[in-house]
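K.L.:
Pasting work.csv here (CSV, C-alpha atoms):
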chain,number,residue,atom,x,y,z
A,11,MET,CA,30.3,110.3,148.4
A,12,SER,CA,26.7,109.6,147.5
A,13,GLU,CA,24.6,111.0,144.7
A,14,VAL,CA,21.5,112.8,146.0
A,15,ARG,CA,18.5,114.5,144.4
A,16,MET,CA,18.9,118.2,143.6
A,17,THR,CA,16.6,119.2,146.5
A,18,ALA,CA,18.3,117.0,149.1
A,19,ALA,CA,21.0,119.4,150.0
A,20,GLY,CA,18.5,122.1,151.0
A,21,GLU,CA,16.5,119.5,152.9
A,22,ALA,CA,19.6,118.2,154.7
A,23,PHE,CA,20.6,121.7,155.7
A,24,SER,CA,17.2,122.4,157.2
A,25,GLN,CA,17.2,119.0,159.0
A,26,ARG,CA,20.7,119.6,160.4
A,27,ILE,CA,19.6,123.0,161.7
A,28,ARG,CA,16.6,121.4,163.4
A,29,GLU,CA,18.9,118.9,165.0
A,30,GLN,CA,21.2,121.7,166.2
A,31,TRP,CA,18.2,123.5,167.7
A,32,ASN,CA,17.1,120.3,169.5
A,33,GLU,CA,20.7,120.0,170.9
A,34,GLN,CA,20.4,123.5,172.2
A,35,LEU,CA,17.2,122.5,174.0
A,36,GLY,CA,15.1,125.0,172.0
A,37,ARG,CA,17.3,128.0,172.5
A,38,GLN,CA,17.0,130.5,169.7
A,39,LEU,CA,19.6,129.8,167.0
A,40,ASP,CA,21.7,132.5,165.4
A,41,ILE,CA,22.2,131.5,161.7
A,42,LEU,CA,24.5,133.1,159.2
A,43,VAL,CA,23.6,132.6,155.5
A,44,ALA,CA,26.7,133.5,153.4
A,45,GLY,CA,25.8,133.7,149.8
A,46,CYS,CA,22.2,134.7,150.5
A,47,GLY,CA,21.8,136.1,146.9
A,48,ARG,CA,22.2,132.7,145.4
A,49,GLY,CA,21.2,130.1,147.9
A,50,THR,CA,17.9,128.2,148.7
A,51,PRO,CA,15.6,129.7,151.4
A,52,LEU,CA,15.8,127.7,154.7
A,53,GLU,CA,12.8,125.8,155.9
A,54,LEU,CA,12.7,126.6,159.6
A,55,ASP,CA,9.2,125.5,160.7
A,56,ARG,CA,9.1,125.0,164.5
A,57,VAL,CA,12.6,126.3,164.9
A,58,THR,CA,13.3,129.5,166.8
A,59,ALA,CA,16.0,131.3,164.9
A,60,ARG,CA,17.4,134.6,163.8
A,61,VAL,CA,18.8,134.5,160.3
A,62,THR,CA,21.3,137.0,159.0
A,63,GLY,CA,22.4,137.0,155.3
A,64,VAL,CA,25.6,138.3,153.7
A,65,ASP,CA,26.8,138.4,150.1
A,66,GLU,CA,28.5,140.5,147.5
A,67,ASP,CA,26.9,143.8,146.5
A,68,ARG,CA,25.8,143.0,143.0
A,69,PRO,CA,22.5,144.1,141.5
A,70,VAL,CA,21.3,140.6,140.7
A,71,LEU,CA,22.2,139.4,144.2
A,72,ARG,CA,20.6,142.3,145.9
A,73,ALA,CA,17.3,141.7,144.0
A,74,ALA,CA,17.4,138.0,144.9
A,75,THR,CA,18.2,138.8,148.6
A,76,GLU,CA,15.3,141.2,148.8
A,77,GLU,CA,12.9,138.5,147.7
A,78,ARG,CA,14.0,136.0,150.4
A,79,SER,CA,11.5,135.5,153.2
A,80,ASP,CA,13.7,133.6,155.6
A,81,LEU,CA,16.1,136.5,156.4
A,82,ASP,CA,15.7,138.7,159.5
A,83,SER,CA,18.5,141.0,158.3
A,84,TRP,CA,21.1,141.1,155.6
A,85,ALA,CA,24.2,143.0,154.5
A,86,LEU,CA,25.8,143.2,151.1
A,87,GLY,CA,29.4,144.3,150.4
A,88,ASP,CA,33.0,143.3,150.4
A,89,LEU,CA,33.0,139.9,152.2
A,90,ARG,CA,36.4,140.6,153.6
A,91,SER,CA,34.9,143.4,155.7
A,92,VAL,CA,31.1,143.0,155.8
A,93,PRO,CA,30.0,142.5,159.5
A,94,MET,CA,30.5,139.0,160.8
A,95,LEU,CA,31.1,139.1,164.6
A,96,PRO,CA,33.3,136.5,166.2
A,97,ARG,CA,31.5,133.5,167.9
A,98,SER,CA,28.1,134.9,167.2
A,99,TYR,CA,26.4,132.1,165.2
A,100,ASP,CA,25.3,128.6,165.9
A,101,VAL,CA,25.1,127.7,162.2
A,102,ALA,CA,26.7,129.1,159.1
A,103,CYS,CA,25.3,128.2,155.7
A,104,VAL,CA,27.6,128.9,152.7
A,105,GLU,CA,25.8,128.2,149.4
A,106,PHE,CA,27.5,128.6,146.0
A,107,LEU,CA,29.6,131.5,147.3
A,108,LEU,CA,33.2,130.3,147.6
A,109,GLU,CA,33.7,129.4,143.9
A,110,ARG,CA,32.6,132.9,142.7
A,111,ILE,CA,34.8,135.1,145.0
A,112,PRO,CA,38.5,135.9,145.3
A,113,HIS,CA,40.2,135.4,148.6
A,114,ALA,CA,37.9,132.5,149.3
A,115,GLU,CA,39.9,131.1,152.2
A,116,LEU,CA,40.1,134.5,153.9
A,117,VAL,CA,36.3,134.8,153.7
A,118,LEU,CA,35.8,131.3,154.9
A,119,ASP,CA,38.1,132.0,157.9
A,120,ARG,CA,35.9,134.9,158.8
A,121,ILE,CA,32.8,132.7,158.6
A,122,VAL,CA,34.4,130.0,160.7
A,123,ASN,CA,35.5,132.7,163.2
A,124,GLY,CA,31.9,133.7,163.4
A,125,LEU,CA,30.8,130.3,164.6
A,126,ARG,CA,30.5,129.4,168.3
A,127,PRO,CA,32.3,126.3,169.5
A,128,GLY,CA,30.2,123.3,168.6
A,129,GLY,CA,28.6,125.2,165.7
A,130,LEU,CA,27.7,123.8,162.3
A,131,LEU,CA,29.2,124.9,158.9
A,132,LEU,CA,27.0,123.8,156.0
A,133,ILE,CA,28.6,124.2,152.6
A,134,ARG,CA,27.6,123.8,149.0
A,135,ILE,CA,30.2,124.5,146.4
A,136,ARG,CA,30.5,124.0,142.7
A,137,ASP,CA,33.4,121.5,142.4
A,138,ARG,CA,36.3,123.0,140.5
A,139,ASP,CA,37.7,119.5,139.8
A,140,SER,CA,34.5,118.4,138.0
A,141,ALA,CA,34.0,118.6,134.2
A,142,TYR,CA,31.3,121.3,134.8
A,143,GLY,CA,33.6,123.3,137.0
A,144,LEU,CA,36.4,123.1,134.3
A,145,CYS,CA,33.9,124.5,131.7
A,146,ALA,CA,32.8,127.3,134.1
A,147,ARG,CA,36.5,128.3,134.6
A,148,LEU,CA,37.5,128.2,131.0
A,149,VAL,CA,34.5,129.9,129.3
A,150,PRO,CA,35.2,133.7,129.3
A,151,GLY,CA,32.9,135.9,131.4
A,152,TRP,CA,31.5,137.8,128.3
A,153,VAL,CA,30.5,134.5,126.7
A,154,ARG,CA,28.8,133.3,129.8
A,155,ARG,CA,26.8,136.6,130.0
A,156,LEU,CA,25.9,136.3,126.3
A,157,VAL,CA,24.5,132.8,126.5
A,158,TRP,CA,23.1,132.7,130.0
A,159,ARG,CA,19.5,133.1,129.1
A,160,SER,CA,19.8,130.4,126.5
A,161,PHE,CA,21.3,127.8,128.9
A,162,ALA,CA,20.2,128.6,132.5
A,163,PRO,CA,16.7,127.7,133.9
A,164,GLU,CA,14.2,130.4,134.1
A,165,GLY,CA,14.7,132.6,137.2
A,166,ALA,CA,18.2,131.4,137.8
A,167,VAL,CA,20.5,134.0,139.4
A,168,GLY,CA,23.5,134.9,137.3
A,169,PRO,CA,25.7,134.7,135.6
A,170,LEU,CA,28.2,135.4,138.4
A,171,PRO,CA,32.0,135.3,138.3
A,172,ALA,CA,33.7,131.9,138.1
A,173,VAL,CA,36.9,132.3,140.2
A,174,TYR,CA,37.3,128.7,141.6
A,175,GLU,CA,40.2,128.9,143.9
A,176,ALA,CA,41.8,125.7,145.2
A,177,VAL,CA,39.6,125.4,148.3
A,178,THR,CA,36.5,125.0,146.0
A,179,SER,CA,36.9,121.2,145.6
A,180,ARG,CA,36.6,118.1,147.8
A,181,GLU,CA,40.3,117.8,148.3
A,182,GLY,CA,40.6,121.6,148.9
A,183,MET,CA,37.8,121.6,151.5
A,184,HIS,CA,39.2,118.5,153.3
A,185,ALA,CA,42.6,120.1,153.5
A,186,TYR,CA,41.1,123.3,154.8
A,187,CYS,CA,39.2,121.5,157.5
A,188,MET,CA,42.2,119.5,158.5
A,189,MET,CA,44.4,122.6,158.9
A,190,ARG,CA,41.7,124.4,160.9
A,191,GLY,CA,40.7,121.5,163.2
A,192,LEU,CA,37.2,121.2,161.7
A,193,MET,CA,35.4,117.9,161.5
A,194,VAL,CA,33.6,116.8,158.3
A,195,ALA,CA,30.5,114.9,159.5
A,196,GLU,CA,28.7,114.4,156.2
A,197,GLU,CA,29.5,114.7,152.5
A,198,HIS,CA,27.5,114.3,149.3
A,199,ALA,CA,28.1,114.8,145.6
A,200,MET,CA,25.3,115.8,143.3
A,201,THR,CA,24.3,117.5,140.0
A,202,SER,CA,22.8,121.0,140.2
A,203,GLY,CA,24.7,123.2,137.7
A,204,PRO,CA,22.3,125.7,136.2
A,205,ALA,CA,23.4,124.9,132.6
A,206,ARG,CA,22.8,121.2,133.2
A,207,LEU,CA,19.3,121.9,134.4
A,208,GLY,CA,18.4,124.4,131.7
A,209,PRO,CA,16.8,124.0,128.3
A,210,ARG,CA,20.1,122.8,126.8
A,211,GLY,CA,21.0,120.5,129.7
A,212,GLY,CA,21.5,117.5,127.4
A,213,LEU,CA,24.1,119.3,125.4
A,214,VAL,CA,26.0,120.5,128.5
A,215,SER,CA,25.9,117.0,130.0
A,216,GLY,CA,27.2,115.5,126.8
A,217,VAL,CA,30.1,118.0,126.8
A,218,CYS,CA,30.8,117.1,130.5
A,219,ARG,CA,30.9,113.4,129.7
A,220,MET,CA,33.3,114.0,126.8
A,221,ILE,CA,35.6,116.0,129.1
A,222,GLY,CA,35.4,113.2,131.6
A,223,ARG,CA,36.5,110.6,129.1
A,224,LEU,CA,39.2,112.8,127.6
A,225,SER,CA,40.6,113.5,131.1
A,226,ARG,CA,40.4,109.7,132.0
A,227,GLY,CA,38.1,110.5,134.9
A,228,ARG,CA,40.2,113.3,136.4
A,229,ARG,CA,37.4,115.8,135.6
A,230,THR,CA,34.3,113.8,136.6
A,231,ALA,CA,31.0,114.3,134.8
A,232,ALA,CA,29.2,112.3,137.6
A,233,HIS,CA,28.6,115.4,139.7
A,234,ASP,CA,29.3,119.1,139.8
A,235,GLU,CA,28.4,120.0,143.4
A,236,ILE,CA,29.9,119.1,146.7
A,237,THR,CA,27.8,119.4,149.9
A,238,LEU,CA,29.5,119.2,153.3
A,239,VAL,CA,28.2,119.2,156.9
A,240,ILE,CA,31.1,120.4,159.1
A,241,ARG,CA,31.3,120.8,162.8
A,242,LYS,CA,33.5,123.2,164.7
A,243,PRO,CA,34.7,121.4,167.8
A,244,GLN,CA,33.9,122.6,171.3
A,245,HIS,CA,37.6,122.8,172.0
A,246,HIS,CA,39.9,124.1,169.2
A,247,PHE,CA,43.6,123.3,169.6
A,248,THR,CA,45.0,123.3,166.0
A,249,ARG,CA,44.2,126.8,165.0
A,250,LEU,CA,42.2,129.2,167.0
A,251,LEU,CA,39.4,130.7,164.9
Mind converting the file's structure to structure tokens?
P.N.:
Amino acid sequence: MSEVRMTAAGEAFSQRIREQWNEQLGRQLDILVAGCGRGTPLELDRVTARVTGVDEDRPVLRAATEERSDLDSWALGDLRSVPMLPRSYDVACVEFLLERIPHAELVLDRIVNGLRPGGLLLIRIRDRDSAYGLCARLVPGWVRRLVWRSFAPEGAVGPLPAVYEAVTSREGMHAYCMMRGLMVAEEHAMTSGPARLGPRGGLVSGVCRMIGRLSRGRRTAAHDEITLVIRKPQHHFTRLL
């Protein structure tokens, strides 16, 4: 895995969408943005696309979703039942969603089911196996709410729940893709945790390095985010989604 700049994941997503559009010979793309209350707006210059957003129904997420200019429509609610029609999307972007919701694999199955054969699944997750992910899981929710403004960058959305089920890790995602017959085409590791980019980022990074040393590298401080570019094959034989 390679270290990339903080903005590189968003740029990579937009570039992969442009490539998908070219492969479709300029046909309008249907794009699903799952986690639209937390993710980065897509740069879709010269791409004909219809973008639909979905996320949990939380006040802070609703406010952030309403400010996005790249969405043609959006729906907030229980992600186990919010509308996601089967085989309706050419691209699904899942940004910082899976680590903050229960039943993450069930929701991910619904998203994959919404992809057409040959579609792209673009994922950004906070890595539960990183030192930062460990801190997020162990710090009680009330403490995170209390100190959020002191640690997060100005304008950051949150704090949101830190659930971190097994799928929210590199190994978890690779196991998921193998079981569903999905192909991981590209993978990056990077640092983008709000607390590491905020006014007390040096302190947070120091704590992560200490955890990394105490865990003998099992909880890495080198990154806290995993970015994956995944393709749904044209023909699915392992598990029909």
K.L.:
Could you pull the residues within 12 Å of region 77-89 of chain A, counting all atoms listed in the file, minus those fewer than 2 positions along the same chain, as an MDAnalysis selection string?
P.N.:
chainID A and resid 24 40:55 57:75 91:94 107:108 110:121
K.L.:
If you count all atoms listed in the file, which residues fall within 6 Å of region 130-132 of chain A, apart from same-chain ones fewer than 2 positions away, as a list in words?
P.N.:
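So, after excluding close chain neighbours, the residues are Val101, Ala102, Cys103, Leu238, Val239, Ile240 and Arg241 of chain A.
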K.L.:
Which protein, DNA or RNA residues have an atom at most 12 Å from (32.4, 126.8, 132.5), counting all atoms listed in the file? List them as a VMD selection string.
P.N.:
chain A and resid 109 to 110 136 to 155 157 to 158 161 169 to 174 203 to 206 214 217 to 218 221 234
K.L.:
Got time to write the residues from that selection, C-alpha atoms, as a CSV table (one decimal), in the frame of the given file?
P.N.:
chain,number,residue,atom,x,y,z
A,109,GLU,CA,33.7,129.4,143.9
A,110,ARG,CA,32.6,132.9,142.7
A,136,ARG,CA,30.5,124.0,142.7
A,137,ASP,CA,33.4,121.5,142.4
A,138,ARG,CA,36.3,123.0,140.5
A,139,ASP,CA,37.7,119.5,139.8
A,140,SER,CA,34.5,118.4,138.0
A,141,ALA,CA,34.0,118.6,134.2
A,142,TYR,CA,31.3,121.3,134.8
A,143,GLY,CA,33.6,123.3,137.0
A,144,LEU,CA,36.4,123.1,134.3
A,145,CYS,CA,33.9,124.5,131.7
A,146,ALA,CA,32.8,127.3,134.1
A,147,ARG,CA,36.5,128.3,134.6
A,148,LEU,CA,37.5,128.2,131.0
A,149,VAL,CA,34.5,129.9,129.3
A,150,PRO,CA,35.2,133.7,129.3
A,151,GLY,CA,32.9,135.9,131.4
A,152,TRP,CA,31.5,137.8,128.3
A,153,VAL,CA,30.5,134.5,126.7
A,154,ARG,CA,28.8,133.3,129.8
A,155,ARG,CA,26.8,136.6,130.0
A,157,VAL,CA,24.5,132.8,126.5
A,158,TRP,CA,23.1,132.7,130.0
A,161,PHE,CA,21.3,127.8,128.9
A,169,PRO,CA,25.7,134.7,135.6
A,170,LEU,CA,28.2,135.4,138.4
A,171,PRO,CA,32.0,135.3,138.3
A,172,ALA,CA,33.7,131.9,138.1
A,173,VAL,CA,36.9,132.3,140.2
A,174,TYR,CA,37.3,128.7,141.6
A,203,GLY,CA,24.7,123.2,137.7
A,204,PRO,CA,22.3,125.7,136.2
A,205,ALA,CA,23.4,124.9,132.6
A,206,ARG,CA,22.8,121.2,133.2
A,214,VAL,CA,26.0,120.5,128.5
A,217,VAL,CA,30.1,118.0,126.8
A,218,CYS,CA,30.8,117.1,130.5
A,221,ILE,CA,35.6,116.0,129.1
A,234,ASP,CA,29.3,119.1,139.8
K.L.:
Which of these residues is nearest to Tyr99 (chain A), using only C-alpha atoms: A:Ala231, A:Leu125, A:Ile27, A:Leu224?
P.N.:
A:Leu125
K.L.:
Out of A:Arg56, A:Arg180, A:Arg97, A:Arg159, which residue has the shortest atom-to-atom distance to Arg37 (chain A) when counting only C-alpha atoms?
P.N.:
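Selected residue with least distance to Arg37 (chain A): A:Arg56.
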K.L.:
One decimal, in Å: what's the spacing between CA of Leu213 (chain A) and CA of Thr230 (chain A)?
P.N.:
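Separation between CA of Leu213 (chain A) and CA of Thr230 (chain A): 16.1 Å.
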K.L.:
Rounded to one decimal, what separation in Å do you get between CA of Thr178 (chain A) and CA of Gly124 (chain A)?
P.N.:
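Computing the Euclidean distance for CA of Thr178 (chain A) and CA of Gly124 (chain A) yields 20.0 Å.
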K.L.:
Which of these residues is nearest to Gly168 (chain A), using all atoms listed in the file: A:Leu156, A:Asn123, A:Phe23, A:Gln38?
P.N.:
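For Gly168 (chain A), the nearest of the given residues is A:Leu156.
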K.L.:
Do you have the CA of Glu21 (chain A)-CA of Glu197 (chain A) distance handy?
P.N.:
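Taking CA of Glu21 (chain A) as the start and CA of Glu197 (chain A) as the end point, the length is 13.9 Å.
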